[in-house]
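Accompanying notes for the structure given below.
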Amino acid sequence: MPRVAFTTFAILKRPYGDPVVQGFDDLTPSTFAQAEGSPGFVARAKESPDQSHLTNFSRDWGEWGRFEVPRFYTGGRTDDTDSRASTLSLWTDLESVFAFVYSGTHRTALAQRHAWFLKPEWPTYAVWWVGDDEIPTWADACARLEHLHEHGPTPSAFTLRTAFAADGTPVRVRGLAESRSTGA
C-alpha cells in the first residue's frame, strides 16, 4: 500500500539560539512528539543517536540519506549560522497529514510562523506518494520542493489543497472544507 511522504522547509529570521526564534525551537520537541503519536504516522527522519555535537549537515540520518536542503536555501550550515527548519516524514494517508498539520502544537506553531520565519517565495512543504517499502531521502524532499516551486502541484509533488491520489488522479483531502471555514 503506498504511503505519503511529507516534507517541510522554512527559513528562520535568525539562526537557532537567537531569542527571535527561540519560541519556535522550544515548540519543536512537543511538535515532534505530537506527530509521532498521531494516527497515520509511520516514521520521521531522525539522526542516529549521540550526534548532538554535529550539525544537521554532518549527522548520519540512516535510511533517510545525507541531509540536504533545496537550492533556495542560502543560509549557513554551522550550528551558529543554521537558519533552516525542515522535516521529512511518512504517513499512511493524506487525511492523517492534514489532521496533524492543522491541530495541536503544530497548529499553534503555524499561527506564529510569521514571527519566526522569513516570508517564503517558495513552497514551505511538499507531499508525494512512495511505495510501501520506500523511505524518502532528504535529496528526494529537496527535489520535490523544487519541482513544486517550478511546476506547481502535480502528482510528483503537491500540496494538501491541490492533492493527488497514489494513482495520480486529483483528490480532495477530507477536512479541507472544514478548515477553510475555521481559517486553517
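Residues in the C-alpha cells are numbered from 1 in each chain, the chains being A, B, ... in the order shown, and ligands are numbered from 1 in the order shown.
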* Excluding range 142-158 of chain A and residues on its chain fewer than 5 positions from it, collect all residues at most 6 Å away from it, counting only C-alpha atoms, and give them as a PyMOL selection string. => chain A and resi 69-70+122-123+126-128+163-164+168
* Asked: Contacts of Ala165 in chain A at 10 Å or less, counting only C-alpha atoms, minus same-chain residues fewer than 2 places along, as a PyMOL selection string?
  -> chain A and resi 2+4+93-94+128-129+155+163+167-173
Per-residue nearest contacts range 116-146 of chain A to range 22-45 of chain A, cut-off 12 Å, using only C-alpha atoms, as JSON lines:
{"residue": "A:Trp116", "atom": "CA", "partner": "A:Phe24", "partner_atom": "CA", "distance": 6.8}
{"residue": "A:Phe117", "atom": "CA", "partner": "A:Phe24", "partner_atom": "CA", "distance": 9.3}
{"residue": "A:Asp132", "atom": "CA", "partner": "A:Val42", "partner_atom": "CA", "distance": 10.6}
{"residue": "A:Asp133", "atom": "CA", "partner": "A:Val42", "partner_atom": "CA", "distance": 11.6}
{"residue": "A:Glu134", "atom": "CA", "partner": "A:Ala43", "partner_atom": "CA", "distance": 11.6}
{"residue": "A:Ile135", "atom": "CA", "partner": "A:Ala43", "partner_atom": "CA", "distance": 9.2}
{"residue": "A:Pro136", "atom": "CA", "partner": "A:Ala45", "partner_atom": "CA", "distance": 9.0}
{"residue": "A:Thr137", "atom": "CA", "partner": "A:Ala45", "partner_atom": "CA", "distance": 8.5}
{"residue": "A:Trp138", "atom": "CA", "partner": "A:Ala45", "partner_atom": "CA", "distance": 8.6}
{"residue": "A:Ala141", "atom": "CA", "partner": "A:Ala45", "partner_atom": "CA", "distance": 11.1}
Filtering to N, CA, C and O atoms, could you give me those residues as an mmCIF file, in the first residue's frame?
data_model
loop_
_atom_site.group_PDB
_atom_site.id
_atom_site.type_symbol
_atom_site.label_atom_id
_atom_site.label_comp_id
_atom_site.auth_asym_id
_atom_site.auth_seq_id
_atom_site.Cartn_x
_atom_site.Cartn_y
_atom_site.Cartn_z
ATOM 1 N N TRP A 116 8.627 34.018 13.324
ATOM 2 C CA TRP A 116 9.880 33.274 13.333
ATOM 3 C C TRP A 116 10.525 33.087 11.974
ATOM 4 O O TRP A 116 11.739 32.927 11.880
ATOM 5 N N PHE A 117 9.725 33.056 10.912
ATOM 6 C CA PHE A 117 10.251 32.700 9.592
ATOM 7 C C PHE A 117 10.194 33.842 8.602
ATOM 8 O O PHE A 117 9.294 34.671 8.650
ATOM 9 N N ASP A 132 5.261 1.218 -0.449
ATOM 10 C CA ASP A 132 5.135 0.816 0.948
ATOM 11 C C ASP A 132 6.448 0.381 1.578
ATOM 12 O O ASP A 132 6.561 0.325 2.794
ATOM 13 N N ASP A 133 7.450 0.108 0.782
ATOM 14 C CA ASP A 133 8.754 -0.270 1.330
ATOM 15 C C ASP A 133 9.816 0.804 1.072
ATOM 16 O O ASP A 133 10.997 0.577 1.276
ATOM 17 N N GLU A 134 9.393 1.961 0.649
ATOM 18 C CA GLU A 134 10.322 3.036 0.280
ATOM 19 C C GLU A 134 10.458 4.049 1.413
ATOM 20 O O GLU A 134 9.477 4.443 2.028
ATOM 21 N N ILE A 135 11.701 4.463 1.672
ATOM 22 C CA ILE A 135 11.989 5.535 2.621
ATOM 23 C C ILE A 135 12.474 6.721 1.791
ATOM 24 O O ILE A 135 13.487 6.625 1.099
ATOM 25 N N PRO A 136 11.759 7.846 1.830
ATOM 26 C CA PRO A 136 12.228 9.002 1.073
ATOM 27 C C PRO A 136 13.514 9.551 1.696
ATOM 28 O O PRO A 136 13.727 9.411 2.895
ATOM 29 N N THR A 137 14.344 10.140 0.887
ATOM 30 C CA THR A 137 15.594 10.728 1.383
ATOM 31 C C THR A 137 15.469 12.245 1.410
ATOM 32 O O THR A 137 14.555 12.827 0.820
ATOM 33 N N TRP A 138 16.421 12.863 2.091
ATOM 34 C CA TRP A 138 16.457 14.331 2.102
ATOM 35 C C TRP A 138 16.632 14.858 0.680
ATOM 36 O O TRP A 138 16.067 15.895 0.327
ATOM 37 N N ALA A 141 13.287 14.901 -0.892
ATOM 38 C CA ALA A 141 12.493 16.013 -0.360
ATOM 39 C C ALA A 141 12.863 17.324 -1.054
ATOM 40 O O ALA A 141 11.983 18.097 -1.443
#
* To do: Among the residues of range 19-144 of chain A, find those DSSP assigns to helix (DSSP H, G or I) from the backbone and print them as an NGL selection string.
  => :A and (19-36 or 62-64 or 94-101 or 104-111 or 113-116 or 138-144)
* To do: Pick out each residue of chain A that DSSP on the backbone tags as strand (DSSP E or B); I need them as a PyMOL selection string.
  => chain A and resi 3-12+41-44+76+82+84-91+117+125-130+154+157-158+163-164+170-171
* Asked: Any idea what the distance is between CA of Leu160 in chain A and CA of Phe100 in chain A?
  -> 12.0 Å
* Find the spatial neighbours of Val101 in chain A, counting only C-alpha atoms, within a cut-off of 10 Å - ignore same-chain residues fewer than 4 positions away - and output them as an NGL selection string. => :A and (31 or 35 or 95-97 or 105-110 or 184)
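With only C-alpha atoms as the atoms that count, the residue of A:Ser86, A:Phe98, A:Tyr16, A:Val21 with the shortest distance to Tyr73 in chain A is A:Ser86.
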* **One-decimal distance in Å that lies between CA of Asn56 in chain A and CA of Ser83 in chain A** => 11.2 Å
* Asked: Rounded to one decimal in Å, what is the spacing between CA of Pro19 in chain A and CA of Phe6 in chain A?
  -> 28.4 Å
* Contact residues around range 8-10 of chain A with only C-alpha atoms at 6 Å, ignoring same-chain residues under 2 positions, as a PyMOL selection string -> chain A and resi 84-87+124-125
